[in-house]
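Notes for the one structure printed next.
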4 protein chains.
Amino acid sequence: MRYALDADPVITLTSGPVNAYPDVLRALARTVLYDYDPAFQLHYEQVIGKMQTAMRTSNRPVILHGEPVLGLEAAAASLITADDTVLNLASGVYGKGFGYWAARYSPNQLEIEVPYNQAIDPQQVADMLKANPAISVVAVCHHDTPSGTINPIDEIGAIVADHGAYLIVDAVSSFGGMKTHPEDCKADIYVTGPNKCLGAPPALTMLGVSERAWQKMKDNPAAPRASMLSILDWENAWSRDEAFPFTPSVAEVNGLDVALDLYLAEGPEAVWARHALTAAATRAGILAMGLDLWAADAAIASPTTTAVRTPEGIDEAKLRATVRERYGVVMSSGRGETLGKLTRIGHMGPTAQPIYAIAALTAFGGALQALGHPAPVGKAIDAALAVIDAAA
Amino acid sequence: MRYALDADPVITLTSGPVNAYPDVLRALARTVLYDYDPAFQLHYEQVIGKMQTAMRTSNRPVILHGEPVLGLEAAAASLITADDTVLNLASGVYGKGFGYWAARYSPNQLEIEVPYNQAIDPQQVADMLKANPAISVVAVCHHDTPSGTINPIDEIGAIVADHGAYLIVDAVSSFGGMKTHPEDCKADIYVTGPNKCLGAPPALTMLGVSERAWQKMKDNPAAPRASMLSILDWENAWSRDEAFPFTPSVAEVNGLDVALDLYLAEGPEAVWARHALTAAATRAGILAMGLDLWAADAAIASPTTTAVRTPEGIDEAKLRATVRERYGVVMSSGRGETLGKLTRIGHMGPTAQPIYAIAALTAFGGALQALGHPAPVGKAIDAALAVIDAAA
Amino acid sequence: MRYALDADPVITLTSGPVNAYPDVLRALARTVLYDYDPAFQLHYEQVIGKMQTAMRTSNRPVILHGEPVLGLEAAAASLITADDTVLNLASGVYGKGFGYWAARYSPNQLEIEVPYNQAIDPQQVADMLKANPAISVVAVCHHDTPSGTINPIDEIGAIVADHGAYLIVDAVSSFGGMKTHPEDCKADIYVTGPNKCLGAPPALTMLGVSERAWQKMKDNPAAPRASMLSILDWENAWSRDEAFPFTPSVAEVNGLDVALDLYLAEGPEAVWARHALTAAATRAGILAMGLDLWAADAAIASPTTTAVRTPEGIDEAKLRATVRERYGVVMSSGRGETLGKLTRIGHMGPTAQPIYAIAALTAFGGALQALGHPAPVGKAIDAALAVIDAAA
Amino acid sequence: MRYALDADPVITLTSGPVNAYPDVLRALARTVLYDYDPAFQLHYEQVIGKMQTAMRTSNRPVILHGEPVLGLEAAAASLITADDTVLNLASGVYGKGFGYWAARYSPNQLEIEVPYNQAIDPQQVADMLKANPAISVVAVCHHDTPSGTINPIDEIGAIVADHGAYLIVDAVSSFGGMKTHPEDCKADIYVTGPNKCLGAPPALTMLGVSERAWQKMKDNPAAPRASMLSILDWENAWSRDEAFPFTPSVAEVNGLDVALDLYLAEGPEAVWARHALTAAATRAGILAMGLDLWAADAAIASPTTTAVRTPEGIDEAKLRATVRERYGVVMSSGRGETLGKLTRIGHMGPTAQPIYAIAALTAFGGALQALGHPAPVGKAIDAALAVIDAAA
């Protein structure tokens with residue numbers, strides 16, 4: 001049998017959007033309240049409170065009403081001024097991309113770029129900062145999703161803090177799937193969202209903002225105000241007594257509310273553990289098939305995505321198409337520079353379950369075989385199962 | 001009995017957000033597909049197709065992934081250049097507000113402003129254009145929601161077209177509730193959304209863009225690109241074969257899909273008729289209670305909102321609080337300059353039903369009486385019922 | 001405008017089924033668990049626990065998996081034997097109907113029947129019991145829904161208990177909408193359901209069973225066992241450790257779960273109060289229009305239904321059709337002997353809100369006027385509003 | 001990691017209830033209409049129409065408002081009289097069980113019973129009928145779910161039809177998952193439901209009734225009438241113009257409606273094919289692990305359930321508990337005589353997808369290994385994948 005392209009697949013195992021938890025899906029269908037209804041204003045304040053608990057911040061986080069690229073663009077626009085010297089850390093397409101936004105707001109930009117299957121070395125950051133005392137803003141992507149690799153942001157954050165620069169962190173596809181919080185890495189602006197490891201749909205940004213970042217943005221006359229790109233507009237919107245600068249995305253806030261409930265009820269540590277185990281099982285299986293991880297070192301492979309290097313002679317688009325057509329499973333391609341070179345199997349939110357590693361390996365290996373590349377699936381499953389069972 | 005502030009009200013009769021149609025709510029809970037899944041890409045193309053049918057445009061409309069203020073800001077940012085002379089038409093808080101966005105992009109701005117309970121006179125626009133041949137962009141708000149008043153955009157649009165200027169129309173809270181379409185008013189950028197008369201939640205912009213507006217934006221090097229504020233980024237996103245510039249709000253697109261189905265299945269003319277009838281019944285009741293409409297002339301009162309002037313001596317915030325607390329009904333306040341001066345009863349989407357005029361009049365009149373202002377509710381209901389029955 | 005017969009109405013104000021609370025509707029969409037999954041077995045035990053709290057019984061109540069007529073038939077089949085003498089109390093179509101079921105299981109039947117707009121007089125019951133010491137089972141309908149009238153079951157129950165007979169109570173459409181519980185009326189089998197005042201859909205029976213009723217059923221070899229009509233089969237099904245006799249209606253149990261949560265969270269007394277107030281407002285309006293309640297005495301009119309006597313010369317079916325067609329409002333007819341003689345306006349669960357009394361009166365009065373019967377709607381609304389405001 | 005017993009599992013792969021299709025779940029949350037609302041009455045008629053299309057019957061099928069055991073009990077109670085001689089065919093717990101119901105209504109009963117891992121031999125039926133010309137009713141279970149085995153009902157039906165006896169078929173867990181329809185097997189009463197292969201929750205019976213069965217029931221004065229057990233009561237309920245004998249389960253009808261839409265839209269043949277392929281893949285894997293199918297002959301194993309014989313020395317309850325605890329997967333036990341002797345992996349509705357065969361085999365094999373029984377999972381997956389790929 002073949003799965004039709006115009007019908008829903010059986011399982012979506014992408015690096016996001018992923019399907020939402022069933023409870024989150026139903027929350028999206030809650031009665032839509034008027035945003036100035038006191039019941040909604042209280043609700044919004046409570047959701048911000050749950051975000052603060054989940055993000056473990058000492059001050060209130062912020063919701064922006066667009067998917068996390070809004071948060072990243074808004075961070076660049078709000079925090080970076082022409083007086084800043086920005087150090088952009090690029091270990092992948094997303095990290096690299098942030099540099100383009102940063103460059104709109106300051107002409108002074110330095111960059112550390114490493115091959116897109118490697119991670120930023122904190123020592124290199126320390127050296128760069130030492131050599132360039134003027135650096136006032138550092139930007140780093142935690143999980144560069146198109147590569148499936150993780151940068152050591154807590155170490156980098158400590159170095160940046162010592163230097164005194166502001167730190168902007170893109171933790172969109174890591175937060176909620178592994179141990180990372182704004183204050184763990186001393187981020188000044190920490191951008192994440194509900195649509196990856198929290199298992200909600202894409203439409204919102206979750207933002208951690210340090211007190212000094214608020215101040216820097218207020219001091220920046222060019223920081224967006226009365227704009228969709230504004231962070232400042234939303235500073236007090238958490239309060240049931242304050243106005244919203246524009247209409248919040250009511251249904252998405254309802255979804256986020258339940259996503260946070262689920263995350264906190266299951267327990268963050270337990271959630272991270274099943275992301276890690278799913279990733280470990282997947283990787284054991286990939287290696288057992290004689291395939292290569294994209295990450296140069298398994299230690300930097302993300303617990304929320306397994307990026308597999310496309311074998312020689314295989315058309316990656318055809319590979320994913322075969323995975324979907326034969327097994328009803330959807331995976332992610334690379335993006336930009338990594339497009340065609342790797343396939344990404346996501347382990348995020350509701351799909352961060354070890355049994356889905358089994359499904360992923362079988363579909364991926366089966367498709368490779370179908371395209372003529374050897375892929376001993378049984379061996380992969382045995383290897384993955386050994387990892388799962390070792391954790392039981 | 002009193003309705004608690006922290007519990008959902010019984011009926012939301014605001015000028016938006018309004019509760020969504022039940023079918024739309026359930027659509028929000030659909031399986032979240034990966035945005036690059038072929039099933040989703042096809043779905044997106046189909047939704048754009050339904051939008052085109054509903055908006056009656058000769059080319060494909062665009063979805064932006066933020067509530068309609070994004071569309072308005074994006075229109076100003078994309079279409080207006082420093083070489084333009086902009087004529088802003090302000091008959092209310094929203095029309096006035098657009099001028100501030102416009103002024104960011106061009107220093108050359110003219111304005112016609114009328115009292116916020118009146119409408120723009122097309123003749124005055126014609127005169128202004130004649131006197132200022134350099135005017136190259138005109139902006140007008142169709143339904144200035146905080147006033148509940150309608151500007152004659154089809155007439156204005158014809159005049160602007162004769163002049164040759166570009167026209168930006170804010171039809172956020174009129175489209176879907178009355179006869180208005182981008183090409184009826186010869187708009188170059190026509191901004192609306194699902195969250196008013198289409199009965200879906202707030203989170204998306206629906207945009208009609210003329211061919212020459214696409215060209216002007218492409219010719220504008222300052223038009224946002226690779227930005228949340230970009231319209232250009234989305235030009236080809238309708239196609240199942242093209243990439244999205246960033247992740248679309250999957251759940252909201254699913255909601256819009258069903259909102260469009262409902263609108264087209266009921267029949268636009270039938271939908272407009274029940275908006276108009278609900279408004280007419282409400283107004284007959286308001287007048288029968290000896291109260292005043294905010295609109296200077298009933299002919300310019302919107303079929304999607306009835307704005308009632310706050311009687312002397314009444315605290316408007318307390319009035320709405322009483323409506324909610326006693327009857328479980330939620331209404332909208334004014335905004336900005338109209339705040340405190342009027343209360344708005346919305347007739348939008350699922351609440352554009354004549355029987356809700358009865359509920360609104362009773363709650364509003366009852367609350368006035370409770371605050372000591374005479375409001376003969378029975379007379380209001382008889383008057384409203386006469387309107388409803390005359391249309392039966 | 002006219003509402004189409006093939007489209008959903010705007011408001012359903014019937015005596016059940018009523019629309020469910022939005023939260024209950026969404027609960028029906030929960031993941032369907034395997035009935036022997038430990039998570040479901042625990043859930044079922046918890047739902048039974050919530051039922052016990054809501055029904056205020058000293059032992060565990062029972063769910064039967066069919067709408068409450070199943071419970072009534074099962075009660076007759078299980079409790080009544082050929083050795084019993086049954087006294088059936090009939091003040092309406094439903095009470096009368098129970099007698100037919102009872103007669104299947106015992107040839108010895110007595111009945112007190114009163115006109116269907118009156119209530120049973122407890123003194124008459126006392127007299128009958130005194131005169132017929134053999135009476136061993138008494139059956140009474142609390143709210144005879146087709147009449148909208150209430151029997152004094154707590155008083156009757158005390159008399160029956162003194163006599164020593166078993167009491168079967170049909171409280172299907174009263175429980176949850178007014179103060180009534182199995183042990184308040186000393187019922188041996190008390191039949192109710194989620195689909196009236198609890199605001200859930202029809203599909204389940206909720207059963208209170210006294211210890212001695214369990215014993216009598218066990219002692220009855222003819223009591224259904226291994227049957228859809230069995231109560232005994234379900235005695236231990238509440239326990240997470242016991243088997244279900246057949247597959248429970250998983251989705252409906254999920255809906256009931258949330259309906260019970262809502263009832264307990266709002267507070268039973270508060271729920272009853274809004275049922276009572278909605279009924280009182282409706283009646284004040286009906287009388288103000290010069291119409292007659294069906295109930296011979298307002299004191300026996302149910303707080304969950306207002307039955308209005310059809311005026312002379314009016315075709316009741318046409319009246320309800322007009323109510324739906326003109327105003328999008330749905331009301332209930334009578335049934336059996338009361339069919340055509342009255343119209344019922346339900347006040348149940350989500351529709352037990354005073355503002356819906358206003359909608360009901362307007363639609364009902366408007367339809368009467370349309371059919372040529374005088375119905376001063378404005379006066380009705382003023383009268384209803386006075387009742388609502390007196391309680392504010 | 002271990003899955004908690006009080007939390008939802010990851011995947012339910014039982015023989016029913018199975019989780020419903022997402023679209024069906026959302027349909028359960030539709031607005032609950034009054035059963036006598038013309039929109040609902042029309043809807044009910046349309047659902048019956050879709051059932052007729054799906055069941056391929058020449059007359060209208062019937063919905064009973066309880067899970068399919070209601071249909072089975074009702075069939076026995078309605079069709080079988082004391083004058084009948086009943087031949088019950090028992091190849092499993094369910095077939096055997098029907099005999100007990102049948103015996104309530106006729107003392108004249110014959111039975112062919114075969115070991116519960118075998119199927120009924122049509123020749124034996126032919127012989128029995130020849131030897132007992134008085135046999136007037138034959139009952140057979142198509143898929144005896146506790147055994148996972150299929151009886152050849154089309155062949156049996158042809159033989160019974162030649163004899164002239166009435167045929168009662170239990171096709172609860174086969175219809176919708178393989179080619180079987182009431183008229184294919186010449187059934188007089190054919191009992192199935194939405195809660196197995198149609199992917200809806202348990203709460204309804206779907207009944208095919210031949211014209212002569214209607215007549216026999218009408219001629220049977222003991223056939224239940226005015227009863228939950230009645231089929232006759234519902235004869236005309238399909239019509240929008242007829243009354244319901246009691247309140248239908250509105251939400252469940254809404255769910256069935258969408259389940260039928262999905263079945264018909266995907267195409268019955270395609271649906272059956274994916275059930276068959278999932279079963280075939282599962283079996284190949286089971287055999288590759290050196291395990292035994294319960295069915296004596298693979299040819300009689302159901303395409304909707306794979307029953308695996310419990311290996312010597314394994315505690316079956318512990319095996320399933322391990323499957324759930326380690327992998328979050330839920331499977332079914334045997335029932336009655338097969339309890340403890342086998343585990344059932346369901347392939348029904350949304351779980352009849354080959355990729356779930358992979359998940360099932362891994363979880364099942366992994367659990368066996370954990371309990372000390374050799375189970376080469378990798379070999380199982382390779383074998384299953386070969387089956388899947390052969391069909392690609």
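Ordered as shown in the structure tokens, chains take letters A, B, and onward, while each chain numbers its residues from 1 and ligands are numbered from 1 in the order shown.
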Residues near Cys141 in chain D, cut-off 9 Å, only C-alpha atoms, skip fewer than 5 positions along chain, as a PDB file with C-alpha atoms, in the first residue's frame:
```
ATOM      1  CA  LEU D  89     -21.930 -22.408  16.317  1.00  0.00           C
ATOM      2  CA  ALA D  90     -19.198 -21.982  18.904  1.00  0.00           C
ATOM      3  CA  SER D  91     -15.573 -21.580  17.983  1.00  0.00           C
ATOM      4  CA  GLY D  92     -14.766 -19.235  20.829  1.00  0.00           C
ATOM      5  CA  TYR D  94     -18.269 -15.078  22.140  1.00  0.00           C
ATOM      6  CA  GLY D  95     -19.886 -17.697  19.931  1.00  0.00           C
ATOM      7  CA  LYS D  96     -20.330 -19.930  22.947  1.00  0.00           C
ATOM      8  CA  PHE D  98     -24.468 -16.328  22.352  1.00  0.00           C
ATOM      9  CA  ILE D 150     -12.561 -16.067  11.680  1.00  0.00           C
ATOM     10  CA  ASN D 151     -15.424 -18.341  10.741  1.00  0.00           C
ATOM     11  CA  ILE D 153     -19.694 -16.994   7.407  1.00  0.00           C
ATOM     12  CA  ILE D 168     -27.842 -14.382  13.247  1.00  0.00           C
ATOM     13  CA  VAL D 169     -24.300 -13.117  12.708  1.00  0.00           C
ATOM     14  CA  ASP D 170     -22.009 -11.409  15.183  1.00  0.00           C
ATOM     15  CA  ALA D 171     -19.699  -9.358  12.992  1.00  0.00           C
ATOM     16  CA  VAL D 172     -18.866  -6.828  15.651  1.00  0.00           C
TER      17      VAL D 172
END
```
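For chain B, the residues within 6 Å of chain A are Leu5, Asp6, Ala7, Pro17, Asn19, Leu25, Arg26, Leu28, Ala29, Val32, Tyr34, Pro38, Ala39, Gly66, Leu70, Pro202, Ala203, Met228 and Ser249 of chain B, with only C-alpha atoms used to measure distance.
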Could you turn the residues from that selection into a file that holds C-alpha atoms, as a tab-separated table (two decimals), in the first residue's frame?
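Done, and the output landed in result.tsv:
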```
chain	number	residue	atom	x	y	z
B	5	LEU	CA	-15.36	37.56	37.19
B	6	ASP	CA	-13.16	34.51	37.06
B	7	ALA	CA	-15.72	32.31	35.32
B	17	PRO	CA	-12.76	38.80	19.68
B	19	ASN	CA	-16.51	33.39	20.38
B	25	LEU	CA	-13.53	25.67	17.44
B	26	ARG	CA	-13.41	21.99	16.63
B	28	LEU	CA	-8.69	24.26	15.71
B	29	ALA	CA	-8.31	20.86	17.35
B	32	VAL	CA	-1.34	19.51	13.59
B	34	TYR	CA	4.10	19.43	9.60
B	38	PRO	CA	2.39	17.63	1.23
B	39	ALA	CA	-1.05	17.24	2.77
B	66	GLY	CA	-0.53	37.58	13.18
B	70	LEU	CA	0.11	42.95	11.67
B	202	PRO	CA	-7.69	36.21	16.45
B	203	ALA	CA	-4.25	35.25	15.11
B	228	MET	CA	7.60	39.17	10.38
B	249	SER	CA	0.07	29.02	12.35
```
Please provide the set of residues having any atom within 9 Å of Tyr327 in chain D, restricted to only C-alpha atoms, with same-chain residues fewer than 5 positions apart removed, written as a PDB file with N, CA and C atoms, in the first residue's frame.
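Contents of result34.pdb, freshly written:
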```pdb
ATOM      1  N   GLN A 353       8.890   9.656  22.516  1.00  0.00           N
ATOM      2  CA  GLN A 353       8.541   8.397  23.162  1.00  0.00           C
ATOM      3  C   GLN A 353       9.385   7.328  22.502  1.00  0.00           C
ATOM      4  N   PRO A 354      10.074   6.531  23.277  1.00  0.00           N
ATOM      5  CA  PRO A 354      10.978   5.545  22.669  1.00  0.00           C
ATOM      6  C   PRO A 354      10.333   4.657  21.607  1.00  0.00           C
ATOM      7  N   ILE A 355       9.071   4.337  21.754  1.00  0.00           N
ATOM      8  CA  ILE A 355       8.465   3.453  20.754  1.00  0.00           C
ATOM      9  C   ILE A 355       8.455   4.120  19.381  1.00  0.00           C
ATOM     10  N   ILE A 388      16.658   1.214  25.072  1.00  0.00           N
ATOM     11  CA  ILE A 388      15.404   1.437  25.813  1.00  0.00           C
ATOM     12  C   ILE A 388      15.361   0.528  27.041  1.00  0.00           C
TER      13      ILE A 388
ATOM     14  N   MET D   1      12.948   4.169  31.540  1.00  0.00           N
ATOM     15  CA  MET D   1      11.737   4.839  32.022  1.00  0.00           C
ATOM     16  C   MET D   1      10.569   3.848  32.082  1.00  0.00           C
ATOM     17  N   ARG D   2       9.657   4.125  32.933  1.00  0.00           N
ATOM     18  CA  ARG D   2       8.468   3.294  33.092  1.00  0.00           C
ATOM     19  C   ARG D   2       7.227   4.167  32.908  1.00  0.00           C
ATOM     20  N   TYR D   3       6.238   3.626  32.238  1.00  0.00           N
ATOM     21  CA  TYR D   3       4.983   4.369  32.048  1.00  0.00           C
ATOM     22  C   TYR D   3       4.075   4.142  33.253  1.00  0.00           C
ATOM     23  N   PRO D   9      -1.534   5.706  28.035  1.00  0.00           N
ATOM     24  CA  PRO D   9      -0.417   5.056  27.342  1.00  0.00           C
ATOM     25  C   PRO D   9      -0.095   5.807  26.054  1.00  0.00           C
ATOM     26  N   VAL D  10       0.952   5.359  25.360  1.00  0.00           N
ATOM     27  CA  VAL D  10       1.338   6.023  24.118  1.00  0.00           C
ATOM     28  C   VAL D  10       0.488   5.516  22.954  1.00  0.00           C
ATOM     29  N   ILE D  11       0.366   4.198  22.840  1.00  0.00           N
ATOM     30  CA  ILE D  11      -0.398   3.623  21.726  1.00  0.00           C
ATOM     31  C   ILE D  11      -1.275   2.488  22.245  1.00  0.00           C
ATOM     32  N   THR D 322       4.100  -5.597  31.294  1.00  0.00           N
ATOM     33  CA  THR D 322       5.460  -5.187  30.895  1.00  0.00           C
ATOM     34  C   THR D 322       5.422  -4.409  29.588  1.00  0.00           C
ATOM     35  N   ALA D 359       5.658  -1.403  15.901  1.00  0.00           N
ATOM     36  CA  ALA D 359       5.619  -1.009  17.314  1.00  0.00           C
ATOM     37  C   ALA D 359       5.157  -2.174  18.184  1.00  0.00           C
ATOM     38  N   THR D 362       7.840  -4.961  18.502  1.00  0.00           N
ATOM     39  CA  THR D 362       8.966  -4.549  19.337  1.00  0.00           C
ATOM     40  C   THR D 362       8.572  -4.568  20.808  1.00  0.00           C
ATOM     41  N   ALA D 363       7.406  -4.028  21.100  1.00  0.00           N
ATOM     42  CA  ALA D 363       6.973  -3.984  22.498  1.00  0.00           C
ATOM     43  C   ALA D 363       6.719  -5.388  23.027  1.00  0.00           C
ATOM     44  N   GLY D 366      10.116  -7.216  23.168  1.00  0.00           N
ATOM     45  CA  GLY D 366      10.920  -6.632  24.240  1.00  0.00           C
ATOM     46  C   GLY D 366      10.448  -7.085  25.609  1.00  0.00           C
ATOM     47  N   ALA D 367       9.136  -7.142  25.766  1.00  0.00           N
ATOM     48  CA  ALA D 367       8.585  -7.563  27.062  1.00  0.00           C
ATOM     49  C   ALA D 367       8.889  -9.032  27.317  1.00  0.00           C
TER      50      ALA D 367
END
```
Discussion item. Let's see if you can do this: from backbone DSSP, list all helix (DSSP H, G or I) residues in range 77-311 of chain D, as a PyMOL selection string.
Written reply: chain D and resi 77-79+93-105+122-131+153-163+211-219+232-234+250-266+268-288+298-300
